[in-house]
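Below is coords19.cif, holding mmCIF, C-alpha atoms and all ligand atoms.
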```
data_structure
loop_
_atom_site.label_atom_id
_atom_site.label_comp_id
_atom_site.auth_asym_id
_atom_site.auth_seq_id
_atom_site.Cartn_x
_atom_site.Cartn_y
_atom_site.Cartn_z
CA MET T 836 66.36 -66.24 18.32
CA LYS T 837 64.06 -67.40 15.51
CA ASN T 838 61.71 -64.65 14.46
CA THR T 839 58.24 -65.36 13.18
CA PHE T 840 57.38 -62.23 11.25
CA ASP T 841 55.22 -63.42 8.35
CA PRO T 842 54.31 -60.37 6.27
CA PHE T 843 51.55 -62.30 4.53
CA ALA T 844 49.73 -63.48 7.67
CA PRO T 845 46.31 -61.76 7.92
CA GLU T 846 46.95 -60.45 11.45
CA ILE T 847 50.26 -58.89 10.32
CA ILE T 848 48.64 -57.31 7.26
CA ALA T 849 45.98 -55.83 9.55
CA ASN T 850 48.54 -54.53 12.08
CA PRO T 851 52.24 -55.14 11.43
CA TYR T 852 53.50 -52.77 14.15
CA PRO T 853 53.67 -54.91 17.34
CA ALA T 854 55.63 -57.62 15.48
CA LEU T 855 57.95 -55.06 13.91
CA GLU T 856 58.50 -53.43 17.28
CA ARG T 857 59.55 -56.77 18.78
CA LEU T 858 61.93 -57.37 15.87
CA ARG T 859 63.48 -53.92 16.18
CA ALA T 860 64.03 -54.43 19.90
CA VAL T 861 65.39 -57.98 19.71
CA GLU T 862 66.88 -58.51 16.27
CA PRO T 863 66.97 -55.31 14.18
CA VAL T 864 68.79 -57.08 11.34
CA SER T 865 66.96 -60.37 10.83
CA TRP T 866 66.65 -63.04 8.16
CA ASN T 867 63.05 -63.48 7.04
CA GLU T 868 62.18 -66.86 5.62
CA PRO T 869 58.81 -66.01 3.99
CA LEU T 870 60.50 -63.21 2.05
CA ARG T 871 63.83 -64.97 1.72
CA GLY T 872 65.66 -61.76 2.53
CA TRP T 873 66.87 -59.56 5.37
CA LEU T 874 64.64 -57.14 7.27
CA LEU T 875 66.16 -53.94 8.63
CA THR T 876 63.88 -52.35 11.21
CA ALA T 877 65.98 -49.74 13.10
CA TYR T 878 65.84 -46.14 11.89
CA ASP T 879 69.62 -45.67 11.74
CA ASP T 880 70.17 -48.88 9.73
CA VAL T 881 67.32 -48.13 7.32
CA LYS T 882 68.63 -44.62 6.70
CA ALA T 883 72.29 -45.67 6.41
CA ALA T 884 71.49 -48.42 3.88
CA GLN T 885 69.97 -45.82 1.53
CA LYS T 886 73.23 -43.88 1.51
CA ASP T 887 75.41 -46.97 1.15
CA ARG T 888 76.23 -47.74 -2.50
CA ARG T 889 76.88 -51.39 -1.63
CA PHE T 890 73.09 -51.74 -1.43
CA SER T 891 71.99 -51.73 -5.05
CA ALA T 892 68.59 -50.54 -6.27
CA GLU T 893 68.89 -52.87 -9.29
CA ARG T 894 66.53 -55.41 -7.85
CA VAL T 895 64.71 -56.38 -11.04
CA LYS T 896 67.78 -57.96 -12.66
CA PRO T 897 67.84 -61.08 -10.45
CA PHE T 898 64.11 -61.45 -11.15
CA THR T 899 64.71 -61.15 -14.91
CA SER T 900 67.41 -63.80 -14.95
CA HIS T 901 65.23 -66.10 -12.88
CA MET T 902 62.34 -65.61 -15.30
CA ALA T 903 64.61 -66.30 -18.26
CA ALA T 904 65.50 -69.58 -16.60
CA THR T 905 61.84 -70.52 -16.26
CA GLU T 906 61.40 -69.96 -20.01
CA ARG T 907 58.39 -67.70 -19.63
CA PRO T 908 59.16 -65.07 -22.24
CA GLU T 909 56.34 -62.68 -21.26
CA LEU T 910 57.69 -62.49 -17.71
CA GLU T 911 61.21 -62.00 -18.95
CA ARG T 912 59.93 -59.15 -21.11
CA MET T 913 58.19 -57.63 -18.07
CA GLY T 914 61.51 -57.73 -16.21
CA THR T 915 63.29 -56.07 -19.13
CA LEU T 916 60.71 -53.24 -19.18
CA LEU T 917 60.85 -52.73 -15.40
CA ASN T 918 64.63 -52.61 -15.63
CA GLN T 919 64.27 -49.30 -17.48
CA TRP T 920 62.63 -47.59 -14.47
CA LEU T 921 65.04 -45.18 -12.80
CA LEU T 922 63.67 -46.42 -9.47
CA PHE T 923 65.39 -49.72 -10.19
CA ARG T 924 68.72 -48.35 -11.41
CA ASP T 925 72.01 -47.36 -9.84
CA PRO T 926 74.32 -44.57 -10.99
CA PRO T 927 75.58 -43.84 -13.53
CA ALA T 928 72.38 -44.88 -15.43
CA HIS T 929 70.11 -43.46 -12.72
CA THR T 930 71.53 -39.92 -12.66
CA PRO T 931 70.57 -38.51 -16.12
CA LEU T 932 67.14 -40.17 -16.06
CA ARG T 933 66.34 -38.52 -12.74
CA ARG T 934 67.71 -35.16 -13.88
CA LEU T 935 65.24 -35.11 -16.79
CA LEU T 936 62.29 -35.33 -14.40
CA ILE T 937 63.13 -33.18 -11.41
CA ASP T 938 62.28 -29.76 -12.91
CA THR T 939 58.64 -30.82 -13.25
CA PHE T 940 58.43 -31.62 -9.53
CA THR T 941 60.24 -28.73 -7.83
CA PRO T 942 58.30 -27.12 -4.93
CA ARG T 943 57.80 -24.04 -7.09
CA ALA T 944 56.36 -25.97 -10.05
CA ILE T 945 54.11 -28.00 -7.77
CA ASN T 946 52.85 -25.00 -5.80
CA ALA T 947 51.82 -23.44 -9.11
CA LEU T 948 49.51 -26.44 -9.60
CA ARG T 949 47.53 -25.78 -6.39
CA PRO T 950 44.60 -24.06 -8.16
CA ARG T 951 44.26 -26.89 -10.70
CA ILE T 952 44.46 -29.48 -7.91
CA GLY T 953 41.75 -27.53 -6.06
CA GLU T 954 39.51 -27.70 -9.15
CA ILE T 955 40.04 -31.45 -9.50
CA VAL T 956 39.26 -31.97 -5.79
CA THR T 957 36.05 -29.92 -6.03
CA GLU T 958 34.90 -31.68 -9.20
CA LEU T 959 35.25 -35.04 -7.47
CA LEU T 960 33.85 -34.03 -4.09
CA SER T 961 30.79 -32.08 -5.24
CA PRO T 962 28.71 -35.12 -6.18
CA LEU T 963 29.83 -36.95 -3.00
CA SER T 964 28.61 -34.30 -0.58
CA ALA T 965 25.02 -35.08 -1.62
CA ARG T 966 25.37 -38.83 -1.05
CA ASP T 967 24.67 -40.69 2.20
CA GLN T 968 27.42 -43.17 1.50
CA PHE T 969 30.56 -43.25 -0.64
CA ASP T 970 33.86 -45.09 -0.99
CA MET T 971 36.69 -42.77 -0.01
CA ILE T 972 39.16 -44.85 -2.06
CA GLY T 973 37.23 -45.59 -5.26
CA ASP T 974 35.31 -42.32 -5.40
CA PHE T 975 38.04 -39.92 -4.36
CA ALA T 976 41.49 -41.11 -3.16
CA PHE T 977 42.15 -43.00 -6.41
CA PRO T 978 40.75 -40.62 -9.06
CA MET T 979 42.11 -37.43 -7.46
CA PRO T 980 45.89 -38.10 -7.72
CA ALA T 981 45.36 -40.11 -10.93
CA THR T 982 43.70 -37.08 -12.55
CA VAL T 983 46.45 -34.78 -11.28
CA ILE T 984 49.22 -37.01 -12.64
CA ALA T 985 47.37 -37.34 -15.98
CA HIS T 986 47.33 -33.53 -16.10
CA ILE T 987 51.07 -33.35 -15.35
CA LEU T 988 51.92 -35.96 -17.97
CA GLY T 989 49.54 -34.36 -20.46
CA VAL T 990 47.33 -37.39 -21.14
CA PRO T 991 43.51 -37.15 -21.23
CA SER T 992 41.73 -37.32 -17.86
CA SER T 993 39.08 -39.44 -19.63
CA ASP T 994 41.71 -42.24 -19.56
CA VAL T 995 41.90 -42.20 -15.74
CA PRO T 996 39.37 -45.06 -15.20
CA LYS T 997 41.59 -47.33 -17.33
CA PHE T 998 44.62 -46.55 -15.16
CA ARG T 999 42.97 -48.11 -12.11
CA SER T 1000 42.92 -51.71 -13.31
CA TRP T 1001 46.32 -51.42 -15.03
CA SER T 1002 47.92 -50.00 -11.88
CA ASN T 1003 46.19 -52.47 -9.58
CA ASP T 1004 47.52 -55.37 -11.62
CA LEU T 1005 51.00 -53.89 -11.82
CA ALA T 1006 50.97 -53.20 -8.07
CA THR T 1007 50.45 -56.88 -7.28
CA VAL T 1008 53.85 -57.61 -8.87
CA ILE T 1009 55.74 -54.55 -7.61
CA GLY T 1010 54.36 -55.10 -4.12
CA ASN T 1011 54.51 -58.90 -4.06
CA SER T 1012 50.82 -59.47 -3.23
CA ARG T 1013 50.07 -63.09 -2.46
CA GLN T 1014 46.29 -62.98 -2.67
CA VAL T 1015 46.40 -62.77 -6.45
CA PRO T 1016 47.58 -66.17 -7.72
CA ASP T 1017 48.10 -65.09 -11.35
CA ARG T 1018 49.78 -61.83 -10.37
CA PHE T 1019 52.75 -62.22 -12.71
CA GLU T 1020 50.55 -62.77 -15.76
CA ARG T 1021 48.25 -59.90 -14.84
CA GLY T 1022 51.16 -57.61 -13.99
CA ALA T 1023 52.87 -58.45 -17.29
CA ARG T 1024 49.69 -57.79 -19.29
CA ALA T 1025 49.17 -54.46 -17.51
CA LEU T 1026 52.75 -53.37 -18.12
CA PHE T 1027 52.54 -54.26 -21.84
CA THR T 1028 49.26 -52.35 -22.13
CA LEU T 1029 50.78 -49.32 -20.41
CA THR T 1030 53.82 -49.57 -22.67
CA ASP T 1031 51.60 -49.62 -25.79
CA TYR T 1032 49.57 -46.72 -24.37
CA PHE T 1033 52.60 -44.48 -23.86
CA ARG T 1034 54.29 -45.61 -27.08
CA SER T 1035 51.30 -44.48 -29.10
CA THR T 1036 51.06 -41.27 -27.06
CA VAL T 1037 54.71 -40.51 -27.87
CA LEU T 1038 54.17 -41.30 -31.53
CA GLN T 1039 51.13 -39.08 -31.77
CA ARG T 1040 52.77 -36.24 -29.83
CA SER T 1041 55.91 -36.30 -31.93
CA ASN T 1042 53.83 -34.32 -34.46
CA GLU T 1043 51.56 -32.38 -32.17
CA ARG T 1044 53.00 -31.06 -28.87
CA LYS T 1045 51.20 -29.90 -25.72
CA LYS T 1046 52.96 -27.09 -23.93
CA GLY T 1047 54.04 -27.80 -20.37
CA ALA T 1048 53.14 -31.49 -20.44
CA LEU T 1049 55.79 -33.88 -19.12
CA VAL T 1050 55.43 -36.36 -21.99
CA ASP T 1051 56.19 -33.56 -24.46
CA ASP T 1052 59.06 -32.14 -22.39
CA LEU T 1053 60.66 -35.58 -22.41
CA ILE T 1054 60.18 -35.95 -26.18
CA SER T 1055 61.76 -32.52 -26.72
CA ALA T 1056 64.66 -33.34 -24.39
CA ARG T 1057 65.27 -36.55 -26.33
CA GLU T 1058 65.14 -34.79 -29.69
CA ALA T 1059 67.63 -32.24 -28.39
CA GLY T 1060 70.09 -35.10 -27.86
CA GLY T 1061 69.14 -35.87 -24.25
CA PRO T 1062 70.46 -39.06 -22.70
CA MET T 1063 67.20 -41.02 -22.78
CA SER T 1064 66.33 -43.88 -25.12
CA GLU T 1065 62.75 -44.18 -26.38
CA GLU T 1066 62.25 -47.22 -24.12
CA GLU T 1067 63.45 -45.21 -21.13
CA LEU T 1068 61.13 -42.34 -22.05
CA VAL T 1069 58.13 -44.68 -22.11
CA ALA T 1070 59.33 -46.38 -18.89
CA SER T 1071 59.62 -43.02 -17.11
CA CYS T 1072 56.06 -42.07 -18.10
CA ILE T 1073 54.76 -45.38 -16.74
CA LEU T 1074 56.75 -44.98 -13.52
CA ILE T 1075 55.47 -41.44 -12.99
CA LEU T 1076 51.89 -42.51 -13.65
CA PHE T 1077 52.15 -45.51 -11.33
CA ALA T 1078 54.22 -43.96 -8.51
CA GLY T 1079 52.24 -40.75 -8.90
CA HIS T 1080 48.92 -42.08 -7.73
CA GLU T 1081 49.08 -45.49 -5.99
CA THR T 1082 51.01 -44.05 -3.04
CA THR T 1083 49.07 -40.79 -2.76
CA MET T 1084 45.82 -42.73 -2.88
CA ASN T 1085 47.00 -44.62 0.21
CA LEU T 1086 48.14 -41.41 1.90
CA ILE T 1087 44.66 -39.90 1.55
CA GLY T 1088 42.92 -43.13 2.56
CA ASN T 1089 45.21 -43.62 5.57
CA ALA T 1090 44.77 -40.00 6.65
CA THR T 1091 40.98 -40.37 6.56
CA LEU T 1092 41.12 -43.59 8.56
CA LEU T 1093 43.45 -42.16 11.18
CA LEU T 1094 41.47 -38.95 11.65
CA LEU T 1095 38.21 -40.88 12.01
CA LYS T 1096 39.85 -43.20 14.52
CA HIS T 1097 41.51 -40.39 16.50
CA ARG T 1098 38.61 -37.95 16.80
CA ASN T 1099 40.54 -35.69 19.18
CA GLN T 1100 43.13 -35.12 16.44
CA LEU T 1101 40.37 -34.45 13.90
CA ALA T 1102 38.92 -31.88 16.32
CA LEU T 1103 42.35 -30.23 16.65
CA LEU T 1104 42.62 -29.99 12.88
CA ARG T 1105 39.14 -28.55 12.51
CA ASP T 1106 39.95 -25.93 15.15
CA ASP T 1107 43.18 -25.03 13.43
CA PRO T 1108 43.28 -25.95 9.71
CA ASN T 1109 46.86 -24.63 9.58
CA LEU T 1110 47.82 -27.96 11.12
CA VAL T 1111 47.05 -29.69 7.81
CA SER T 1112 50.67 -29.96 6.68
CA SER T 1113 51.92 -31.38 9.98
CA MET T 1114 48.91 -33.74 9.96
CA VAL T 1115 50.05 -35.01 6.55
CA GLU T 1116 53.59 -35.57 7.86
CA GLU T 1117 52.26 -37.50 10.84
CA VAL T 1118 50.09 -39.71 8.64
CA LEU T 1119 53.14 -40.40 6.47
CA ARG T 1120 55.11 -41.40 9.57
CA TYR T 1121 52.43 -43.33 11.40
CA GLU T 1122 50.93 -45.35 8.54
CA CYS T 1123 53.35 -44.87 5.71
CA ALA T 1124 51.93 -45.39 2.26
CA ALA T 1125 55.13 -46.95 0.87
CA PHE T 1126 56.02 -49.36 3.62
CA VAL T 1127 59.21 -50.94 2.34
CA ILE T 1128 62.22 -50.17 0.14
CA VAL T 1129 64.04 -53.13 -1.41
CA ARG T 1130 67.75 -53.36 -2.16
CA ILE T 1131 70.25 -56.06 -3.18
CA ALA T 1132 73.61 -56.47 -1.45
CA ASP T 1133 76.35 -55.90 -4.05
CA GLU T 1134 78.94 -57.51 -1.78
CA ASP T 1135 79.07 -59.14 1.66
CA ILE T 1136 77.99 -56.44 4.14
CA GLU T 1137 78.27 -56.57 7.91
CA ILE T 1138 75.66 -54.79 10.02
CA GLY T 1139 75.90 -55.29 13.76
CA GLU T 1140 76.69 -58.95 14.25
CA LYS T 1141 75.09 -60.09 11.01
CA THR T 1142 76.63 -60.62 7.59
CA ILE T 1143 74.39 -59.96 4.62
CA ALA T 1144 75.75 -62.05 1.77
CA LYS T 1145 76.38 -60.68 -1.71
CA GLY T 1146 73.21 -61.08 -3.79
CA ASP T 1147 70.84 -61.22 -0.80
CA ARG T 1148 67.68 -59.12 -0.84
CA VAL T 1149 67.32 -56.51 1.88
CA PHE T 1150 63.98 -55.02 2.95
CA LEU T 1151 64.29 -51.57 4.51
CA MET T 1152 61.21 -51.42 6.70
CA LEU T 1153 60.19 -47.76 6.61
CA GLY T 1154 57.08 -48.55 8.66
CA ALA T 1155 59.29 -49.86 11.47
CA ALA T 1156 61.95 -47.12 11.22
CA ASN T 1157 59.24 -44.46 11.52
CA ARG T 1158 58.25 -45.82 14.92
CA ASP T 1159 61.76 -46.23 16.32
CA PRO T 1160 61.76 -44.81 19.88
CA MET T 1161 65.40 -43.75 19.41
CA HIS T 1162 64.12 -41.07 17.02
CA PHE T 1163 60.49 -40.39 17.94
CA ASP T 1164 58.97 -39.63 21.35
CA ASN T 1165 55.92 -41.80 22.02
CA PRO T 1166 56.17 -43.32 18.54
CA GLU T 1167 52.93 -45.26 18.93
CA SER T 1168 50.94 -42.11 19.48
CA PHE T 1169 49.30 -40.40 16.48
CA ASP T 1170 50.03 -36.74 17.12
CA ILE T 1171 49.32 -34.27 14.31
CA ARG T 1172 51.34 -31.59 16.11
CA ARG T 1173 54.49 -33.74 16.23
CA ASN T 1174 57.58 -31.63 15.75
CA PRO T 1175 60.24 -32.55 14.74
CA ASN T 1176 59.02 -35.37 12.51
CA ARG T 1177 61.93 -36.72 10.48
CA HIS T 1178 60.16 -39.76 9.06
CA LEU T 1179 61.71 -41.73 6.21
CA SER T 1180 58.51 -42.27 4.23
CA PHE T 1181 59.83 -40.65 1.07
CA GLY T 1182 63.13 -42.50 1.27
CA TYR T 1183 66.53 -40.89 1.62
CA GLY T 1184 69.53 -40.20 -0.61
CA ILE T 1185 69.71 -40.40 -4.38
CA HIS T 1186 66.35 -42.16 -4.84
CA PHE T 1187 64.49 -39.72 -2.54
CA CYS T 1188 60.94 -39.52 -3.85
CA ILE T 1189 60.66 -37.16 -6.82
CA GLY T 1190 56.96 -36.65 -6.10
CA ALA T 1191 57.23 -35.86 -2.36
CA GLN T 1192 56.17 -32.24 -2.76
CA LEU T 1193 53.35 -33.19 -5.11
CA ALA T 1194 52.01 -35.82 -2.70
CA ARG T 1195 52.17 -33.33 0.19
CA VAL T 1196 50.35 -30.61 -1.74
CA GLU T 1197 47.70 -33.02 -3.04
CA ALA T 1198 46.97 -34.28 0.46
CA GLU T 1199 46.92 -30.75 1.89
CA VAL T 1200 44.51 -29.47 -0.75
CA ALA T 1201 42.35 -32.61 -0.46
CA PHE T 1202 41.94 -32.14 3.30
CA GLU T 1203 41.20 -28.43 3.04
CA TYR T 1204 38.10 -29.52 1.14
CA LEU T 1205 37.48 -32.82 2.93
CA LEU T 1206 37.48 -31.44 6.47
CA PRO T 1207 33.94 -30.05 6.40
CA LEU T 1208 32.77 -33.27 4.76
CA ILE T 1209 34.27 -35.84 7.15
CA GLY T 1210 33.32 -34.14 10.42
CA ASP T 1211 30.11 -36.09 10.95
CA ILE T 1212 30.96 -39.11 8.87
CA GLU T 1213 31.77 -42.65 10.02
CA PRO T 1214 33.07 -45.87 8.47
CA VAL T 1215 30.30 -48.28 7.47
CA SER T 1216 32.24 -51.17 9.01
CA GLU T 1217 34.96 -51.57 11.63
CA ASP T 1218 36.48 -54.40 9.55
CA LEU T 1219 39.08 -52.94 7.26
CA ASP T 1220 40.20 -54.70 4.12
CA TRP T 1221 43.95 -53.92 4.07
CA ASP T 1222 45.65 -54.66 0.78
CA ASP T 1223 48.13 -57.51 1.21
CA ASN T 1224 50.57 -55.54 -0.95
CA PHE T 1225 53.84 -55.69 0.96
CA VAL T 1226 55.19 -52.41 -0.44
CA LEU T 1227 52.12 -50.20 -0.69
CA ARG T 1228 50.16 -49.92 2.54
CA GLY T 1229 46.51 -48.96 2.34
CA VAL T 1230 42.94 -50.25 2.41
CA LYS T 1231 41.24 -51.50 -0.76
CA SER T 1232 38.09 -49.55 -0.05
CA LEU T 1233 36.77 -47.34 2.74
CA LEU T 1234 33.00 -47.04 2.77
CA LEU T 1235 31.85 -43.96 4.70
CA ARG T 1236 28.35 -42.92 5.64
CA ARG T 1237 26.62 -40.00 7.20
CA PRO T 1238 24.72 -41.10 10.31
CA ALA T 1239 20.96 -40.93 9.74
CA VAL T 1240 19.54 -37.73 11.22
CA ALA T 1241 17.02 -38.64 13.95
CA ALA T 1242 13.45 -37.65 13.06
CA ALA T 1243 12.31 -34.62 15.00
C1 LIG B 1301 52.49 -40.54 -0.31
C2 LIG B 1301 53.01 -40.52 -1.48
C3 LIG B 1301 54.35 -41.10 -1.82
C4 LIG B 1301 55.19 -41.89 -1.08
C5 LIG B 1301 55.00 -42.38 0.35
C6 LIG B 1301 56.34 -42.17 -1.91
C7 LIG B 1301 57.45 -42.90 -1.50
C8 LIG B 1301 58.59 -43.08 -2.25
C9 LIG B 1301 59.77 -43.74 -1.77
C10 LIG B 1301 59.93 -44.38 -0.41
C11 LIG B 1301 60.68 -43.72 -2.77
C12 LIG B 1301 62.11 -44.27 -2.74
C13 LIG B 1301 62.15 -45.67 -3.32
C14 LIG B 1301 63.52 -46.30 -3.28
O1 LIG B 1301 64.48 -45.71 -2.77
O2 LIG B 1301 63.64 -47.42 -3.78
C15 LIG B 1301 60.07 -43.04 -3.90
C16 LIG B 1301 60.67 -42.85 -5.12
C17 LIG B 1301 60.02 -42.28 -6.19
N1 LIG B 1301 58.79 -41.67 -6.19
FE1 LIG B 1301 57.52 -41.54 -4.64
N2 LIG B 1301 56.16 -41.59 -3.14
C18 LIG B 1301 54.98 -40.91 -3.11
C19 LIG B 1301 54.43 -40.17 -4.13
C20 LIG B 1301 54.99 -39.99 -5.36
C21 LIG B 1301 54.42 -39.20 -6.42
C22 LIG B 1301 53.14 -38.35 -6.31
C23 LIG B 1301 55.23 -39.32 -7.48
C24 LIG B 1301 55.01 -38.64 -8.82
C25 LIG B 1301 55.89 -38.07 -9.46
C26 LIG B 1301 56.35 -40.19 -7.10
C27 LIG B 1301 57.41 -40.56 -7.90
C28 LIG B 1301 58.52 -41.23 -7.46
C29 LIG B 1301 59.64 -41.57 -8.33
C30 LIG B 1301 59.76 -41.25 -9.82
C31 LIG B 1301 60.58 -42.22 -7.53
C32 LIG B 1301 61.93 -42.78 -7.98
C33 LIG B 1301 63.03 -41.78 -7.66
C34 LIG B 1301 64.40 -42.31 -7.96
O3 LIG B 1301 64.58 -43.53 -8.11
O4 LIG B 1301 65.31 -41.48 -8.08
N3 LIG B 1301 56.15 -40.57 -5.81
N4 LIG B 1301 58.79 -42.64 -3.54
#
```
Is it possible to express this structure as structure tokens?
Amino acid sequence: MKNTFDPFAPEIIANPYPALERLRAVEPVSWNEPLRGWLLTAYDDVKAAQKDRRFSAERVKPFTSHMAATERPELERMGTLLNQWLLFRDPPAHTPLRRLLIDTFTPRAINALRPRIGEIVTELLSPLSARDQFDMIGDFAFPMPATVIAHILGVPSSDVPKFRSWSNDLATVIGNSRQVPDRFERGARALFTLTDYFRSTVLQRSNERKKGALVDDLISAREAGGPMSEEELVASCILILFAGHETTMNLIGNATLLLLKHRNQLALLRDDPNLVSSMVEEVLRYECAAFVIVRIADEDIEIGEKTIAKGDRVFLMLGAANRDPMHFDNPESFDIRRNPNRHLSFGYGIHFCIGAQLARVEAEVAFEYLLPLIGDIEPVSEDLDWDDNFVLRGVKSLLLRRPAVAAA
């Protein structure tokens, strides 16, 4: 059977689920021509591939060699810089880089940040509560996690507005957006700017440390003979900044959308705010902020009746796995009391998301404060502008308004 899943078709961007459901039912391992790679849509296959070392995370290398062949040095340089991200590396290189970061993101360390996250949320929400209309993404869901991650890294929160355009441009490359024709040039420029930004931060902080800031911890670990080159240190800071807010922004935006669409679930949450953490898990499952994980086959791999050839790209469709009826009852229903809820939205295995606990806590704290605010609020338009980013799933903006109070 020839499948017709085109991830860049507007109707698929708006709602990819019916098409993914058909694929999962009929051809769970399928070749996708628009992406020139394999799509895995069944939960068990998506999970197993993340444990299988024959699926390599080193997916930037083929891109780099292709760019070298096209003689576009700035794109080749972008590939070389991205190659330093631990997200794109296999063991043994991956292991020590990850080890240097995990202490900052343990549940204990993150829970200790709750009061600071609460302050950041209040600072951003206070001016919004007086407005009749605001953009949930631009006014809150972007700056909130960006300010938190700036705090964790130890860079000034006054730099947060700059991060938005740099990250947006970088996201068009990482997520393979098609709507931006010059995405490679913009992505490359953004990555070079971020590299210069963190290089000068490292230089400046080599003389003057900030206690408890991740940038400084990494500099100290390197000076103490740690296994990280200066390029890798800068790359890790960029990765943490980028991964640390683009995804969480979508989580908060998607949660708002889903609660406003499913008013009965919003009412449940307002009646029992203790449901906030299971609400967050259900949003992650139902409309997962990082929709796809990409791998490269290191050798010929057979799954079911299909053979994935060495060198082929493989797209692990988390958004499809999370709605697999073999693992979730009524997967199409948005149910904030769902239990168990073993979604794969943070990945699985050695690349499991380092920031999972941070994202959960940020969303929980955000909704503790947002709940009173969004009770009587509604989207300005029913037409949603979903980002065509294939990896990061969220809307570009979400204008909300308070209905006009009828004159007495
Ligand atoms: C809703 C929010 C988030 C989602 C859905 C998400 C999702 C993911 C997924 C699916 C992966 C695995 C990628 C792969 O295997 O190729 C991952 C890895 C990663 N995430 Fe997140 N993430 C989120 C928030 C965060 C935050 C707040 C941080 C900040 C520290 C972060 C940092 C990372 C890093 C550094 C990795 C790479 C880990 C490794 O390669 O070992 N993420 N994330």
Around (42.4, -40.6, 0.5) in the file's own coordinates, what residues are found within 7 Å if you use all atoms listed in the file, given back as a count of residues only? 12
Find the residues with any atom within 7 Å of (54.7, -62.3, 11.6); use all atoms listed in the file and the coordinates as given in the file, and write the answer as a ChimeraX atom specification. /T:839-842,844,847,854
Exercise: T:Ala981 partners within 7 Å, only C-alpha atoms, chain neighbours under 3 positions left out, as a list in words: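 The filter keeps Phe977, Pro978, Ile984, Ala985, Val995 and His1080 of chain T.
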Tell me which of T:Leu1119, T:Ala1078, T:Met979, T:Ala877 sits closest to T:Asn1176, counting only C-alpha atoms.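 Checking each candidate against T:Asn1176, we get T:Leu1119 as the closest.
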I'd like the contact shell of T:Arg933 - 12 Å cut-off, all atoms listed in the file, skipping same-chain residues fewer than 3 positions apart - returned as a PyMOL selection string. chain T and resi 919-930+936-940+1053+1062-1063+1067-1068+1071+1074-1075+1185-1190
Any chance you could turn stretch 1032-1074 of chain T into a file with C-alpha atoms, as a PDB file, in the first residue's frame?
```pdb
ATOM      1  CA  TYR T1032      27.365  34.888  22.808  1.00  0.00           C
ATOM      2  CA  PHE T1033      28.373  31.882  24.905  1.00  0.00           C
ATOM      3  CA  ARG T1034      32.054  32.126  23.940  1.00  0.00           C
ATOM      4  CA  SER T1035      32.223  35.658  25.290  1.00  0.00           C
ATOM      5  CA  THR T1036      30.211  34.634  28.374  1.00  0.00           C
ATOM      6  CA  VAL T1037      32.736  31.857  29.063  1.00  0.00           C
ATOM      7  CA  LEU T1038      35.644  34.225  28.534  1.00  0.00           C
ATOM      8  CA  GLN T1039      34.207  36.826  30.857  1.00  0.00           C
ATOM      9  CA  ARG T1040      33.260  34.261  33.512  1.00  0.00           C
ATOM     10  CA  SER T1041      36.666  32.629  33.494  1.00  0.00           C
ATOM     11  CA  ASN T1042      37.703  35.577  35.703  1.00  0.00           C
ATOM     12  CA  GLU T1043      34.498  36.252  37.560  1.00  0.00           C
ATOM     13  CA  ARG T1044      32.347  33.260  38.609  1.00  0.00           C
ATOM     14  CA  LYS T1045      28.680  33.139  39.619  1.00  0.00           C
ATOM     15  CA  LYS T1046      27.925  30.547  42.250  1.00  0.00           C
ATOM     16  CA  GLY T1047      25.439  27.862  41.273  1.00  0.00           C
ATOM     17  CA  ALA T1048      25.187  28.895  37.620  1.00  0.00           C
ATOM     18  CA  LEU T1049      25.496  26.096  35.070  1.00  0.00           C
ATOM     19  CA  VAL T1050      27.890  28.006  32.793  1.00  0.00           C
ATOM     20  CA  ASP T1051      30.285  28.438  35.725  1.00  0.00           C
ATOM     21  CA  ASP T1052      29.911  24.834  36.909  1.00  0.00           C
ATOM     22  CA  LEU T1053      30.877  23.670  33.435  1.00  0.00           C
ATOM     23  CA  ILE T1054      33.890  26.026  33.323  1.00  0.00           C
ATOM     24  CA  SER T1055      35.021  24.733  36.732  1.00  0.00           C
ATOM     25  CA  ALA T1056      34.526  21.106  35.673  1.00  0.00           C
ATOM     26  CA  ARG T1057      36.632  21.752  32.577  1.00  0.00           C
ATOM     27  CA  GLU T1058      39.382  23.463  34.554  1.00  0.00           C
ATOM     28  CA  ALA T1059      39.430  20.509  36.938  1.00  0.00           C
ATOM     29  CA  GLY T1060      40.347  18.303  33.969  1.00  0.00           C
ATOM     30  CA  GLY T1061      36.791  17.335  32.992  1.00  0.00           C
ATOM     31  CA  PRO T1062      36.260  15.611  29.669  1.00  0.00           C
ATOM     32  CA  MET T1063      34.747  18.573  27.820  1.00  0.00           C
ATOM     33  CA  SER T1064      36.428  20.680  25.155  1.00  0.00           C
ATOM     34  CA  GLU T1065      35.699  24.413  25.046  1.00  0.00           C
ATOM     35  CA  GLU T1066      33.630  23.883  21.885  1.00  0.00           C
ATOM     36  CA  GLU T1067      31.583  21.213  23.656  1.00  0.00           C
ATOM     37  CA  LEU T1068      31.077  23.499  26.653  1.00  0.00           C
ATOM     38  CA  VAL T1069      29.694  26.253  24.419  1.00  0.00           C
ATOM     39  CA  ALA T1070      27.611  23.696  22.469  1.00  0.00           C
ATOM     40  CA  SER T1071      26.094  22.333  25.696  1.00  0.00           C
ATOM     41  CA  CYS T1072      25.096  25.841  26.825  1.00  0.00           C
ATOM     42  CA  ILE T1073      23.394  26.478  23.472  1.00  0.00           C
ATOM     43  CA  LEU T1074      21.628  23.105  23.604  1.00  0.00           C
TER      44      LEU T1074
END
```
